[in-house]
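Peer 1: Got protein21.txt for you, compact mmCIF, C-alpha atoms and all ligand atoms:
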# COMPACT_ATOMS: atom_id res chain seq x y z
CA MET T 15 124.68 74.66 154.87
CA PRO T 16 121.15 75.67 153.79
CA ALA T 17 122.63 77.33 150.67
CA PHE T 18 124.46 74.09 149.86
CA ARG T 19 121.23 72.14 150.23
CA THR T 20 119.41 74.57 147.99
CA ILE T 21 122.05 74.03 145.32
CA LEU T 22 121.75 70.26 145.73
CA HIS T 23 117.97 70.51 145.37
CA ALA T 24 118.35 72.65 142.27
CA ILE T 25 120.74 70.12 140.73
CA ALA T 26 118.39 67.25 141.60
CA ALA T 27 115.48 69.14 140.03
CA LEU T 28 117.48 69.79 136.86
CA VAL T 29 118.49 66.15 136.57
CA LEU T 30 114.86 65.06 137.02
CA LEU T 31 113.71 67.55 134.40
CA ARG T 32 116.26 66.24 131.89
CA LEU T 33 115.37 62.64 132.67
CA SER T 34 111.66 63.23 132.14
CA ALA T 35 112.30 65.19 128.94
CA ALA T 36 114.41 62.26 127.70
CA ALA T 37 111.61 59.83 128.64
CA VAL T 38 109.05 61.83 126.64
CA GLU T 39 111.42 62.03 123.67
CA GLU T 40 112.02 58.30 123.83
CA ARG T 41 108.30 57.53 123.89
CA ARG T 42 107.88 59.77 120.86
CA VAL T 43 110.50 58.15 118.71
CA ALA T 44 109.73 54.57 119.75
CA ASP T 45 106.41 54.68 117.92
CA SER T 46 106.36 54.85 114.16
CA PRO T 47 102.83 54.45 112.86
CA LYS T 48 102.43 55.14 109.19
CA GLY T 49 100.43 58.03 107.87
CA PRO T 50 99.81 60.05 104.75
CA ALA T 51 101.76 63.22 103.97
CA GLY T 52 100.27 66.12 105.89
CA ALA T 53 98.66 63.99 108.61
CA ILE T 54 99.01 64.76 112.30
CA ILE T 55 99.61 61.45 114.02
CA ALA T 56 99.32 60.32 117.64
CA VAL T 57 99.42 56.98 119.41
CA ALA T 58 98.28 55.67 122.78
CA ASN T 59 99.01 52.49 124.68
CA LEU T 60 96.08 51.50 126.85
CA THR T 61 96.58 49.81 130.22
CA GLY T 62 94.75 49.46 133.52
CA THR T 63 93.39 45.93 133.67
CA PRO T 64 95.60 42.86 134.05
CA GLY T 65 95.32 40.59 131.03
CA ALA T 66 94.18 43.36 128.72
CA SER T 67 95.91 46.10 126.78
CA GLY T 68 95.23 48.36 123.85
CA ARG T 69 96.88 50.24 121.08
CA VAL T 70 95.44 53.36 119.48
CA VAL T 71 96.60 55.06 116.32
CA PHE T 72 95.04 58.42 115.61
CA ASN T 73 95.46 60.71 112.66
CA TRP T 74 94.04 64.06 111.66
CA TYR T 75 94.00 64.38 107.94
CA ASN T 76 91.89 66.37 105.46
CA ASN T 77 90.00 67.98 108.38
CA ARG T 78 89.01 64.61 109.80
CA GLY T 79 90.08 62.60 112.79
CA ASN T 80 90.54 58.89 112.26
CA VAL T 81 91.05 56.51 115.20
CA ASN T 82 91.93 52.82 115.05
CA VAL T 83 91.82 50.90 118.32
CA THR T 84 93.08 47.34 118.81
CA LEU T 85 92.49 45.66 122.15
CA LYS T 86 94.38 42.52 123.13
CA GLY T 87 93.89 39.94 125.86
CA SER T 88 90.36 39.80 127.17
CA LEU T 89 87.77 42.14 128.60
CA THR T 90 84.18 41.55 129.64
CA ASN T 91 81.24 43.84 128.94
CA ILE T 92 82.76 46.81 127.14
CA THR T 93 80.22 49.63 127.14
CA MET T 94 82.04 52.62 125.65
CA SER T 95 85.30 54.06 124.38
CA HIS T 96 86.07 57.76 124.24
CA ILE T 97 88.68 60.39 123.67
CA ARG T 98 88.65 62.46 126.87
CA LEU T 99 90.28 65.62 128.16
CA ARG T 100 92.53 65.09 131.17
CA ASN T 101 91.15 67.77 133.48
CA MET T 102 89.93 66.67 136.91
CA THR T 103 88.32 70.05 137.59
CA LEU T 104 86.09 69.57 134.57
CA GLY T 105 85.56 65.87 135.37
CA ASN T 106 87.73 64.57 132.50
CA PRO T 107 85.03 65.39 129.94
CA ILE T 108 84.28 63.35 126.82
CA ILE T 109 85.68 64.97 123.68
CA ALA T 110 84.69 62.28 121.17
CA GLY T 111 82.92 58.94 121.26
CA ILE T 112 84.88 56.20 119.49
CA LEU T 113 82.62 53.27 120.41
CA PRO T 114 79.72 53.57 119.91
CA ARG T 115 79.43 56.62 117.72
CA MET T 116 77.62 59.37 119.62
CA VAL T 117 74.52 61.06 118.22
CA SER T 118 74.38 63.86 120.80
CA TRP T 119 76.48 65.09 123.72
CA ILE T 120 74.84 62.44 125.93
CA PRO T 121 77.15 59.44 126.40
CA LYS T 122 75.79 56.40 124.63
CA MET T 123 76.51 52.79 125.61
CA LEU T 124 76.82 49.64 123.55
CA ASP T 125 73.67 47.62 123.99
CA PRO T 126 74.42 44.83 124.65
CA PRO T 127 78.00 45.31 125.92
CA VAL T 128 80.79 43.56 124.01
CA SER T 129 83.18 40.96 125.43
CA PHE T 130 86.23 39.53 123.69
CA THR T 131 89.07 37.13 124.16
CA ASN T 132 92.19 37.43 122.01
CA SER T 133 91.59 40.70 120.20
CA TYR T 134 88.96 43.26 119.34
CA THR T 135 89.32 46.20 116.96
CA PHE T 136 87.17 49.22 116.27
CA ASN T 137 87.54 52.57 114.60
CA ALA T 138 85.92 55.96 114.28
CA THR T 139 86.10 58.90 111.92
CA PHE T 140 84.93 62.35 112.89
CA ASP T 141 85.09 65.98 111.88
CA ALA T 142 84.82 69.38 113.55
CA ARG T 143 80.99 69.16 113.54
CA TYR T 144 81.10 65.96 115.57
CA LEU T 145 83.44 67.58 118.11
CA LYS T 146 81.15 70.62 118.37
CA MET T 147 78.07 68.44 118.86
CA ILE T 148 79.71 66.91 121.94
CA ARG T 149 81.20 70.13 123.36
CA SER T 150 79.88 73.37 121.94
CA ASP T 151 83.16 75.17 122.68
CA MET T 152 85.29 72.62 120.80
CA THR T 153 86.88 73.50 117.47
CA ALA T 154 89.32 71.52 115.37
CA ASN T 155 92.08 73.95 116.38
CA THR T 156 91.34 73.58 120.09
CA PHE T 157 91.23 69.81 119.70
CA LEU T 158 94.61 69.76 117.94
CA SER T 159 96.13 72.12 120.47
CA LEU T 160 94.94 69.90 123.37
CA LEU T 161 96.35 66.92 121.50
CA GLY T 162 99.69 68.73 121.15
CA GLN T 163 99.71 69.49 124.89
CA GLY T 164 99.26 65.79 125.66
CA SER T 165 95.95 66.51 127.42
CA LEU T 166 93.82 64.01 125.51
CA TYR T 167 93.54 60.34 126.40
CA VAL T 168 91.62 57.31 125.23
CA SER T 169 89.50 55.31 127.68
CA VAL T 170 87.60 52.04 127.44
CA SER T 171 84.80 51.45 129.96
CA THR T 172 83.17 48.20 131.02
CA THR T 173 80.12 47.55 133.18
CA GLY T 174 82.53 46.45 135.92
CA GLN T 175 84.79 49.52 135.52
CA PRO T 176 82.65 52.37 134.22
CA GLY T 177 85.42 54.84 135.12
CA GLY T 178 87.77 53.12 132.67
CA ALA T 179 89.07 49.58 132.41
CA LEU T 180 91.82 50.71 130.03
CA GLN T 181 93.24 54.10 129.30
CA GLY T 182 96.29 55.86 127.95
CA PRO T 183 97.39 59.31 126.81
CA LEU T 184 97.46 60.19 123.12
CA ILE T 185 101.06 61.09 122.38
CA CYS T 186 101.78 62.99 119.21
CA LYS T 187 104.35 61.76 116.82
CA GLY T 188 107.11 64.29 116.35
CA ASP T 189 106.07 67.84 117.02
CA CYS T 190 102.35 67.20 116.47
CA LYS T 191 102.57 69.10 113.21
CA SER T 192 101.88 67.63 109.82
CA HIS T 193 104.19 64.93 108.60
CA THR T 194 105.90 64.56 105.28
CA GLY T 195 104.55 61.06 104.66
CA TYR T 196 106.14 57.69 105.22
C1 LIG A 201 103.60 51.67 123.32
O1 LIG A 201 104.08 50.38 123.50
C2 LIG A 201 105.08 50.01 122.54
C3 LIG A 201 105.38 48.54 122.69
O2 LIG A 201 105.50 48.21 124.04
C4 LIG A 201 106.30 50.90 122.76
O3 LIG A 201 107.29 50.59 121.83
C5 LIG A 201 105.88 52.34 122.58
O4 LIG A 201 106.96 53.19 122.87
C6 LIG A 201 104.70 52.71 123.48
N1 LIG A 201 104.19 53.99 123.07
C7 LIG A 201 103.72 54.91 123.92
C8 LIG A 201 103.21 56.14 123.29
O5 LIG A 201 103.67 54.74 125.13
C1 LIG A 202 93.11 52.62 110.25
O1 LIG A 202 93.11 51.43 109.49
C2 LIG A 202 92.80 51.62 108.12
C3 LIG A 202 92.72 50.27 107.45
O2 LIG A 202 93.77 49.46 107.83
C4 LIG A 202 93.84 52.52 107.48
O3 LIG A 202 93.48 52.79 106.15
C5 LIG A 202 93.88 53.83 108.24
O4 LIG A 202 94.89 54.65 107.74
C6 LIG A 202 94.15 53.57 109.70
N1 LIG A 202 94.07 54.83 110.42
C7 LIG A 202 95.04 55.15 111.26
C8 LIG A 202 94.81 56.43 112.00
O5 LIG A 202 96.06 54.50 111.44
C1 LIG A 203 90.88 72.63 133.50
O1 LIG A 203 89.86 73.42 132.94
C2 LIG A 203 89.70 74.67 133.57
C3 LIG A 203 88.47 75.33 132.98
O2 LIG A 203 88.57 75.42 131.57
C4 LIG A 203 90.96 75.49 133.34
O3 LIG A 203 90.83 76.74 133.97
C5 LIG A 203 92.14 74.73 133.92
O4 LIG A 203 93.32 75.42 133.62
C6 LIG A 203 92.21 73.33 133.34
N1 LIG A 203 93.22 72.57 134.05
C7 LIG A 203 94.23 72.00 133.42
C8 LIG A 203 95.15 71.22 134.26
O5 LIG A 203 94.37 72.09 132.21
C1 LIG A 204 85.72 50.28 111.04
O1 LIG A 204 84.70 49.62 111.78
C2 LIG A 204 83.66 49.13 110.96
C3 LIG A 204 82.63 48.54 111.88
O2 LIG A 204 82.17 49.49 112.77
C4 LIG A 204 84.19 48.11 110.00
O3 LIG A 204 83.14 47.70 109.16
C5 LIG A 204 85.29 48.71 109.19
O4 LIG A 204 85.88 47.72 108.38
C6 LIG A 204 86.36 49.31 110.07
N1 LIG A 204 87.33 49.99 109.26
C7 LIG A 204 88.64 49.92 109.50
C8 LIG A 204 89.46 50.77 108.64
O5 LIG A 204 89.12 49.20 110.36
C1 LIG A 205 78.46 41.17 131.97
O1 LIG A 205 77.12 41.48 131.66
C2 LIG A 205 76.22 40.40 131.91
C3 LIG A 205 74.85 40.78 131.38
O2 LIG A 205 74.75 42.13 131.08
C4 LIG A 205 76.22 40.13 133.39
O3 LIG A 205 75.36 39.04 133.66
C5 LIG A 205 77.63 39.78 133.84
O4 LIG A 205 77.65 39.62 135.26
C6 LIG A 205 78.59 40.86 133.44
N1 LIG A 205 79.93 40.41 133.75
C7 LIG A 205 80.86 41.17 134.33
C8 LIG A 205 82.19 40.54 134.62
O5 LIG A 205 80.67 42.34 134.61
Could you render the structure as structure tokens?
Ligand SMILES: *[C@@H]1O[C@H](CO)[C@@H](O)[C@H](O)[C@H]1NC(C)=O
Ligand SMILES: *[C@@H]1O[C@H](CO)[C@@H](O)[C@H](O)[C@H]1NC(C)=O
Ligand SMILES: *[C@@H]1O[C@H](CO)[C@@H](O)[C@H](O)[C@H]1NC(C)=O
Ligand SMILES: *[C@@H]1O[C@H](CO)[C@@H](O)[C@H](O)[C@H]1NC(C)=O
Ligand SMILES: *[C@@H]1O[C@H](CO)[C@@H](O)[C@H](O)[C@H]1NC(C)=O

Peer 2:
Amino acid sequence: MPAFRTILHAIAALVLLRLSAAAVEERRVADSPKGPAGAIIAVANLTGTPGASGRVVFNWYNNRGNVNVTLKGSLTNITMSHIRLRNMTLGNPIIAGILPRMVSWIPKMLDPPVSFTNSYTFNATFDARYLKMIRSDMTANTFLSLLGQGSLYVSVSTTGQPGGALQGPLICKGDCKSHTGY
């Protein structure tokens, strides 16, 4: 009997594994942002607050990261938006400031905060020097490898929800390697 149950558990685990692999694959192909030949492209859908959502398109091209963020719905008192590393042990550290642009490793807030109804867009461009200014151990290669592992996410903070009113993981298009252009 216990052996039978073990087999059942193993089958259940395998089925779950296949289902989650299929889910990841589906999320990858459902998104088709455009990008130049050679770009590494990732997208994120931001959620977390009823009545608000966000869409992020990221590319790494010519040694630069380029992030476009479009928020929809409404949010009150946005203070910051970042790319962060999903690692609770490290306290989900900031990897790059999207809004406002950071001038040191110290998080900087919009002053005054920004509120919107309908939609709000912002963007950022950064290079390896910017990443290193924020975390001295960060290189472009480490950044891209964390991106490929699905460990990076985008967050939007408000005065009411400093821990993140909206967030979502950056999911690489395809294999997270350079694309042939489309
Ligand atoms: C983001 O949302 C769009 C529209 O709902 C969906 O098609 C897409 O698969 C989602 N992408 C990710 C990365 O979750
Ligand atoms: C961001 O938007 C600009 C202007 O529409 C576009 O040129 C750029 O390629 C976009 N970047 C990404 C990562 O989609
Ligand atoms: C979090 O970071 C620590 C220190 O770098 C590392 O040892 C650990 O493996 C990381 N955890 C995850 C889940 O990546
Ligand atoms: C990026 O944001 C700036 C304002 O910070 C704006 O002037 C510019 O048009 C935006 N560029 C894109 C490509 O959206
Ligand atoms: C937004 O900020 C203003 C002034 O900073 C404050 O009076 C107001 O209560 C804040 N609203 C919310 C919903 O946090």

Peer 1: Could you give me the residues within 10 Å of ligand LIG 203 (chain A), counting only C-alpha atoms and all ligand atoms, as a compact mmCIF listing (two decimals) with C-alpha atoms, keeping the file's coordinate frame?

Peer 2:
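File written: selection28.txt
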# COMPACT_ATOMS: atom_id res chain seq x y z
CA LEU T 99 90.28 65.62 128.16
CA ARG T 100 92.53 65.09 131.17
CA ASN T 101 91.15 67.77 133.48
CA MET T 102 89.93 66.67 136.91
CA THR T 103 88.32 70.05 137.59
CA LEU T 104 86.09 69.57 134.57
CA GLY T 105 85.56 65.87 135.37
CA ASN T 106 87.73 64.57 132.50
CA PRO T 107 85.03 65.39 129.94
CA LEU T 160 94.94 69.90 123.37
CA GLN T 163 99.71 69.49 124.89
CA SER T 165 95.95 66.51 127.42

Peer 1: Of the residues T:Ala179, T:Met152, T:Phe140, T:Leu158, which is the one nearest to T:Gly68, using all atoms listed in the file?

Peer 2: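 When distances to T:Gly68 are compared using all atoms listed in the file, the smallest one comes from T:Ala179.
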
Peer 1: In terms of the shortest atom-to-atom distance over all atoms listed in the file, which of T:Ile92, T:Ala51, T:Val128, T:Ile97 is closest to T:Val168?

Peer 2: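 Closest to T:Val168 of all the choices is T:Ile97.
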
Peer 1: Residues at most 7 Å from stretch 133-138 of chain T, counting only C-alpha atoms, excluding those fewer than 4 positions away in the same chain, as a list in words?

Peer 2: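 Skipping anything fewer than 4 positions along the chain leaves Asn80, Val81, Asn82, Val83, Thr84, Leu85, Lys86, Gly87 and Ile112 of chain T.
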
Peer 1: Which distance in Å separates atom CA of T:Asn91 and atom C1 of ligand LIG 202 (chain A), to one decimal?

Peer 2: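 Separation of atom CA of T:Asn91 and atom C1 of ligand LIG 202 (chain A): 23.8 Å.
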
Peer 1: How far is it from atom CA of T:Lys187 to atom C4 of ligand LIG 202 (chain A), in Å with one decimal?

Peer 2: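 That distance, rounded to one decimal, is 16.8 Å.
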
Peer 1: What is the atom CA of T:Ile148 to atom CA of T:Ile109 distance in Å?

Peer 2: 6.5 Å

Peer 1: Given a cut-off of 12 Å, what residues near ligand LIG 205 (chain A) show up using all atoms listed in the file, put as a list of chain:residue names?

Peer 2: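 Taking all atoms listed in the file into account, the residues around ligand LIG 205 (chain A) at most 12 Å away are T:Ser88, T:Leu89, T:Thr90, T:Asn91, T:Ile92, T:Thr93, T:Leu124, T:Asp125, T:Pro126, T:Pro127, T:Val128, T:Ser129, T:Phe130, T:Ser171, T:Thr172, T:Thr173, T:Gly174, T:Gln175, T:Pro176, T:Ala179.
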
Peer 1: Can you pull out every residue within 6 Å of stretch 59-63 of chain T, counting only C-alpha atoms, but drop anything in the same chain fewer than 6 positions away, and send it as a VMD selection string?

Peer 2: chain T and resid 69 179 to 182

Peer 1: Export C-alpha atoms of the chosen residues as a PDB file, in the coordinates of the input?

Peer 2:
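What ended up in out-v5.pdb:
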ATOM      1  CA  ARG T  69      96.880  50.240 121.080  1.00  0.00           C
ATOM      2  CA  ALA T 179      89.070  49.580 132.410  1.00  0.00           C
ATOM      3  CA  LEU T 180      91.820  50.710 130.030  1.00  0.00           C
ATOM      4  CA  GLN T 181      93.240  54.100 129.300  1.00  0.00           C
ATOM      5  CA  GLY T 182      96.290  55.860 127.950  1.00  0.00           C
TER       6      GLY T 182
END

Peer 1: Restricting the calculation to only C-alpha atoms and all ligand atoms, which member of T:Ser150, T:Ser159, T:Ser67, T:Asn76 is positioned closest to ligand LIG 201 (chain A)?

Peer 2: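 Selected residue with least distance to ligand LIG 201 (chain A): T:Ser67.
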
Peer 1: Taking only C-alpha atoms and all ligand atoms into account, which residues are within 8 Å of ligand LIG 202 (chain A), as number ranges by chain?

Peer 2: T: 47-50, 55, 71-74, 79-82, 137

Peer 1: Using only C-alpha atoms and all ligand atoms, which of the listed residues (T:Gly111, T:Thr139, T:Val70, T:Pro64) sits closest to ligand LIG 204 (chain A)?

Peer 2: T:Thr139

Peer 1: Between T:Ala66, T:Val57, T:Met116, T:Met94, which residue has the minimum interatomic distance to ligand LIG 201 (chain A), considering all atoms listed in the file?

Peer 2: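 Looking only at the distances to ligand LIG 201 (chain A), the closest residue turns out to be T:Val57.
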
Peer 1: Could you give me the centre and size, in Å to one decimal, of an axis-aligned box around all listed atoms of stretch 124-140 of chain T with 6 Å added on every side, as JSON?

Peer 2:
{"center_x": 82.9, "center_y": 49.7, "center_z": 118.9, "size_x": 30.5, "size_y": 37.2, "size_z": 26.0}
